[in-house]
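The structure appears right after this line, and notes come after that.
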Amino acid sequence: MDFDSVRVFIEVMKHGSFAAAARQRNMDPSSISRSISGLESQLGFRLFQRTTRKLSPTEAGNEYYQRVQNLMGEFDRASEAALDLVSLPTGTLRVTACTSFGQRVLAPILPKLRSQYPNLTLDLVLMDHHVDLVEENIDIAVRFGKRPEGDFVSSKLVPRRFHVCASPAYVKKLGAPSHPSDLENLDCLLFSMPGYRSSWKFRNQSNVDIKVPVSGHLLVSHGLTMTACAISGLGPALLPDWLCRDEINNGLLIDLFPDYQCTATDFDTAAWLVYPSRAYLPSKVRIFVDFLKAEIEGHA
């Protein structure tokens with residue numbers, strides 16, 4: 001039995017078409033079709049009914065899929081477990097995160113990762129929206145907020161802290177607000193996602209919370225672009241620490257309320273490492289989790 005053809009069949013079933021499976025595997029659709037035809041010849045029955053407009057599994061194809069997907073998963077895990085005992089991590093690790101986190105946090109530490117694990121191929125899937133971890137064959141995701149829910153394993157990477165920042169030029173021109181409530185009268189820079197563009201929350205050292213309405217004429221959907229806009233003096237911005245820590249330290253931005261905790265949604269949120277629940281966790285995932293935690297904690 002050609003196991004790779006079985007894997008191709010599983011991909012076609014998951015994605016619903018030869019073209020989608022071809023994109024996932026970086027293959028030509030005609031190669032997918034030949035692989036399925038070859039598997040059908042080996043099995044002695046048709047897996048799909050094909051027309052020019054529709055591809056649908058046969059009854060036998062559905063039954064075969066239900067049984068073989070679990071068997072192939074067990075086979076792959078057995079191979080991974082044995083390989084982990086005798087070699088450094090190898091294969092492809094698919095990691096998803098938002099684009100700004102990929103640029104600002106992941107990219108600078110990749111040379112060290114590559115040096116330590118030269119046989120590991122890293123596939124960075126950088127998106128500013130959540131992708132389906134199972135559907136997209138993601139090994140690990142970086143997610144922000146409260147602990148993620150669902151049938152996944154989640155491990156806290158680092159607490160998430162926000163700062164309201166403005167450039168020295170902005171502060172020199174308009175003055176620094178003396179209290180968070182002063183922001184209500186300023187033209188603020190706003191993240192365009194819901195929940196971030198109407199109010200910001202502050203908590204003082206006595207654990208008293210206040211909610212401040214905010215408004216502005218510039219909405220931005222990309223974190224690094226928001227940082228750049230704040231540096232350019234376009235107004236105060238609410239930024240996570242990993243997008244403004246260096247800029248505050250080198251004087252490009254001023255933390256307007258250093259004595260307050262602040263957020264747009266919830267306090268006590270974090271960056272989380274999330275991965276599908278599996279009976280066996282490949283070493284490539286374990287080493288990436290340990291590596292990223294060590295690097296982030298070392299620079300926190």
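Residue names in the structure tokens use chain letters A, B, ... in the order shown, residue numbers from 1 in each chain, and ligand numbers from 1 in the order shown.
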(message) I need the residues of range 122-228 of chain A that end up classed as strand (DSSP E) by DSSP on the backbone, written out as number ranges by chain.
(response) A: 122-126, 140-145, 152-159, 162-166, 187-191, 199-203, 209-213, 215-220
(message) Can you tell me, as a PyMOL selection string, which residues in range 166-299 of chain A count as alpha helix (DSSP H) by DSSP?
(response) chain A and resi 168-174+223-231+245-249+283-299
Based on the selection just made, write N, CA, C and O atoms of those residues as a short mmCIF file (atom, residue, chain, number, x, y, z; two decimals), in the first residue's frame.
```cif
data_model
loop_
_atom_site.label_atom_id
_atom_site.label_comp_id
_atom_site.auth_asym_id
_atom_site.auth_seq_id
_atom_site.Cartn_x
_atom_site.Cartn_y
_atom_site.Cartn_z
N PRO A 168 7.49 61.96 21.88
CA PRO A 168 7.94 63.18 22.55
C PRO A 168 7.47 64.45 21.84
O PRO A 168 7.13 65.45 22.49
N ALA A 169 7.42 64.41 20.50
CA ALA A 169 6.98 65.58 19.75
C ALA A 169 5.52 65.89 20.04
O ALA A 169 5.13 67.07 20.18
N TYR A 170 4.69 64.86 20.14
CA TYR A 170 3.27 65.06 20.45
C TYR A 170 3.12 65.65 21.85
O TYR A 170 2.35 66.60 22.06
N VAL A 171 3.86 65.10 22.81
CA VAL A 171 3.77 65.59 24.18
C VAL A 171 4.26 67.03 24.28
O VAL A 171 3.69 67.87 24.98
N LYS A 172 5.32 67.35 23.55
CA LYS A 172 5.85 68.72 23.58
C LYS A 172 4.85 69.71 22.98
O LYS A 172 4.70 70.84 23.47
N LYS A 173 4.15 69.27 21.94
CA LYS A 173 3.22 70.17 21.25
C LYS A 173 1.93 70.36 22.03
O LYS A 173 1.44 71.50 22.18
N LEU A 174 1.33 69.25 22.56
CA LEU A 174 0.02 69.33 23.17
C LEU A 174 0.03 69.12 24.68
O LEU A 174 -0.99 69.31 25.34
N GLY A 223 -0.43 46.01 14.05
CA GLY A 223 0.25 46.47 15.24
C GLY A 223 1.48 47.30 14.99
O GLY A 223 1.66 48.38 15.58
N LEU A 224 2.39 46.84 14.13
CA LEU A 224 3.62 47.60 13.87
C LEU A 224 3.32 48.94 13.20
O LEU A 224 4.02 49.93 13.43
N THR A 225 2.27 48.96 12.37
CA THR A 225 1.88 50.23 11.76
C THR A 225 1.36 51.19 12.81
O THR A 225 1.62 52.40 12.76
N MET A 226 0.64 50.67 13.81
CA MET A 226 0.16 51.51 14.90
C MET A 226 1.33 52.11 15.67
O MET A 226 1.33 53.31 16.02
N THR A 227 2.35 51.29 15.94
CA THR A 227 3.55 51.80 16.62
C THR A 227 4.20 52.91 15.80
O THR A 227 4.58 53.96 16.33
N ALA A 228 4.31 52.70 14.49
CA ALA A 228 4.92 53.71 13.62
C ALA A 228 4.11 55.00 13.61
O ALA A 228 4.67 56.10 13.60
N CYS A 229 2.78 54.88 13.63
CA CYS A 229 1.94 56.08 13.66
C CYS A 229 2.12 56.85 14.96
O CYS A 229 2.15 58.09 14.97
N ALA A 230 2.24 56.13 16.08
CA ALA A 230 2.47 56.81 17.35
C ALA A 230 3.81 57.52 17.36
O ALA A 230 3.92 58.67 17.82
N ILE A 231 4.84 56.87 16.84
CA ILE A 231 6.17 57.49 16.77
C ILE A 231 6.12 58.75 15.90
O ILE A 231 6.82 59.74 16.18
N ARG A 245 7.94 48.36 23.98
CA ARG A 245 8.96 48.33 25.04
C ARG A 245 10.26 48.97 24.56
O ARG A 245 10.83 49.83 25.23
N ASP A 246 10.75 48.54 23.41
CA ASP A 246 12.01 49.09 22.89
C ASP A 246 11.89 50.58 22.61
O ASP A 246 12.83 51.35 22.87
N GLU A 247 10.74 50.99 22.06
CA GLU A 247 10.55 52.40 21.71
C GLU A 247 10.49 53.28 22.95
O GLU A 247 10.97 54.41 22.94
N ILE A 248 9.90 52.76 24.04
CA ILE A 248 9.89 53.51 25.30
C ILE A 248 11.30 53.61 25.87
O ILE A 248 11.75 54.67 26.32
N ASN A 249 12.03 52.50 25.82
CA ASN A 249 13.39 52.48 26.37
C ASN A 249 14.35 53.40 25.62
O ASN A 249 15.25 53.99 26.23
N SER A 283 8.55 15.88 19.33
CA SER A 283 9.63 16.65 19.95
C SER A 283 9.79 18.01 19.30
O SER A 283 10.20 18.96 19.95
N LYS A 284 9.45 18.14 18.00
CA LYS A 284 9.60 19.44 17.34
C LYS A 284 8.68 20.48 17.98
O LYS A 284 9.03 21.66 18.05
N VAL A 285 7.50 20.05 18.45
CA VAL A 285 6.61 20.97 19.14
C VAL A 285 7.14 21.28 20.54
O VAL A 285 7.16 22.45 20.98
N ARG A 286 7.59 20.25 21.24
CA ARG A 286 8.11 20.46 22.60
C ARG A 286 9.31 21.39 22.61
O ARG A 286 9.40 22.29 23.44
N ILE A 287 10.24 21.19 21.68
CA ILE A 287 11.44 22.03 21.69
C ILE A 287 11.10 23.46 21.30
O ILE A 287 11.71 24.40 21.82
N PHE A 288 10.11 23.66 20.42
CA PHE A 288 9.74 25.02 20.04
C PHE A 288 9.09 25.74 21.22
O PHE A 288 9.38 26.91 21.48
N VAL A 289 8.22 25.03 21.95
CA VAL A 289 7.58 25.62 23.13
C VAL A 289 8.64 26.02 24.15
O VAL A 289 8.64 27.15 24.66
N ASP A 290 9.56 25.11 24.45
CA ASP A 290 10.60 25.40 25.45
C ASP A 290 11.52 26.52 24.98
O ASP A 290 11.91 27.40 25.76
N PHE A 291 11.87 26.50 23.70
CA PHE A 291 12.76 27.52 23.15
C PHE A 291 12.12 28.90 23.21
O PHE A 291 12.72 29.88 23.67
N LEU A 292 10.86 28.99 22.77
CA LEU A 292 10.19 30.29 22.73
C LEU A 292 9.98 30.84 24.13
O LEU A 292 10.19 32.03 24.38
N LYS A 293 9.60 29.99 25.08
CA LYS A 293 9.43 30.45 26.46
C LYS A 293 10.73 30.98 27.03
O LYS A 293 10.76 32.03 27.69
N ALA A 294 11.82 30.27 26.77
CA ALA A 294 13.11 30.71 27.30
C ALA A 294 13.54 32.05 26.70
O ALA A 294 14.03 32.94 27.39
N GLU A 295 13.31 32.21 25.40
CA GLU A 295 13.70 33.45 24.73
C GLU A 295 12.83 34.62 25.18
O GLU A 295 13.33 35.73 25.43
N ILE A 296 11.52 34.40 25.29
CA ILE A 296 10.62 35.48 25.69
C ILE A 296 10.89 35.89 27.13
O ILE A 296 10.96 37.08 27.45
N GLU A 297 11.05 34.92 28.02
CA GLU A 297 11.33 35.23 29.43
C GLU A 297 12.67 35.94 29.58
O GLU A 297 12.84 36.81 30.44
N GLY A 298 13.62 35.61 28.73
CA GLY A 298 14.92 36.24 28.80
C GLY A 298 14.92 37.69 28.38
O GLY A 298 15.83 38.46 28.72
N HIS A 299 13.88 38.09 27.62
CA HIS A 299 13.81 39.47 27.13
C HIS A 299 12.61 40.22 27.69
O HIS A 299 12.33 41.34 27.27
#
```
(message) Calculated over only C-alpha atoms, which of the candidates A:Thr90, A:Ser192, A:Thr263, A:Asn185 has the smallest distance to Ile210 in chain A?
(response)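 Of A:Thr90, A:Ser192, A:Thr263, A:Asn185, the one nearest Ile210 in chain A, counting only C-alpha atoms, is A:Thr263.
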For the interface of range 80-169 of chain A with range 4-13 of chain A (cut-off 12 Å, counting only C-alpha atoms), please tabulate each contacting residue of range 80-169 of chain A alongside its nearest pair of atoms and their separation in Å to one decimal, rows sorted by chain and increasing number, as a tab-separated table.
```
residue	atom	partner	partner_atom	distance
A:Val134	CA	A:Glu11	CA	11.5
A:Glu135	CA	A:Glu11	CA	9.5
A:Glu136	CA	A:Glu11	CA	10.4
A:Asn137	CA	A:Glu11	CA	10.1
```
File of the preceding selection, N, CA and C atoms, as a JSON list (two decimals), in the first residue's frame:
```json
[["chain", "number", "residue", "atom", "x", "y", "z"],
["A", 134, "VAL", "N", -6.67, 22.60, 12.99],
["A", 134, "VAL", "CA", -6.78, 21.25, 12.42],
["A", 134, "VAL", "C", -6.88, 21.32, 10.91],
["A", 135, "GLU", "N", -7.74, 22.19, 10.42],
["A", 135, "GLU", "CA", -7.94, 22.30, 8.97],
["A", 135, "GLU", "C", -6.67, 22.70, 8.25],
["A", 136, "GLU", "N", -5.87, 23.59, 8.86],
["A", 136, "GLU", "CA", -4.66, 24.09, 8.21],
["A", 136, "GLU", "C", -3.40, 23.34, 8.65],
["A", 137, "ASN", "N", -3.57, 22.22, 9.36],
["A", 137, "ASN", "CA", -2.43, 21.40, 9.79],
["A", 137, "ASN", "C", -1.40, 22.21, 10.59]]
```
(message) Residues near Val274 in chain A, anyone? I mean within 6 Å using only C-alpha atoms, not counting same-chain ones fewer than 3 positions away, as JSON, numbers by chain.
(response) {"A": [140, 141, 153, 154]}
(message) Between CA of Arg23 in chain A and CA of Tyr65 in chain A, what distance in Å does the model show, to one decimal?
(response)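 Distance reported for this atom pair: 20.4 Å.
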Excluding Ala60 in chain A and any residue of its chain fewer than 6 positions from it, enumerate the residues within 8 Å of it, using only C-alpha atoms, and give them as a tab-separated table (two decimals) with C-alpha atoms, in the first residue's frame.
```tsv
chain	number	residue	atom	x	y	z
A	45	PHE	CA	-13.14	0.30	-5.54
A	46	ARG	CA	-13.91	3.95	-6.28
A	47	LEU	CA	-13.30	6.50	-3.55
```
(message) Neighbouring residues of Phe202 in chain A were defined as those with any atom within 12 Å, considering only C-alpha atoms; residues of the same chain fewer than 3 positions away were excluded. Please report them as a PyMOL selection string.
(response) chain A and resi 161-164+179-181+183+199+205-213+238+257-267
(request) Figure out the distance between CA of Leu133 in chain A and CA of Phe152 in chain A, please, to one decimal in Å. (result)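 Value for the CA of Phe152 in chain A-CA of Leu133 in chain A distance: 9.4 Å.
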(message) I need the residue nearest Leu273 in chain A from this list: A:Glu59, A:Asp28, A:Asp76, A:Asp139. Use only C-alpha atoms for the distance.
(response)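 Once distances to Leu273 in chain A are computed over only C-alpha atoms, the minimum belongs to A:Asp139.
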(request) Write out as an MDAnalysis selection string which residues come within 9 Å of Trp272 in chain A when counting only C-alpha atoms, dropping same-chain ones fewer than 4 positions away. (result) chainID A and resid 141:148 154:159
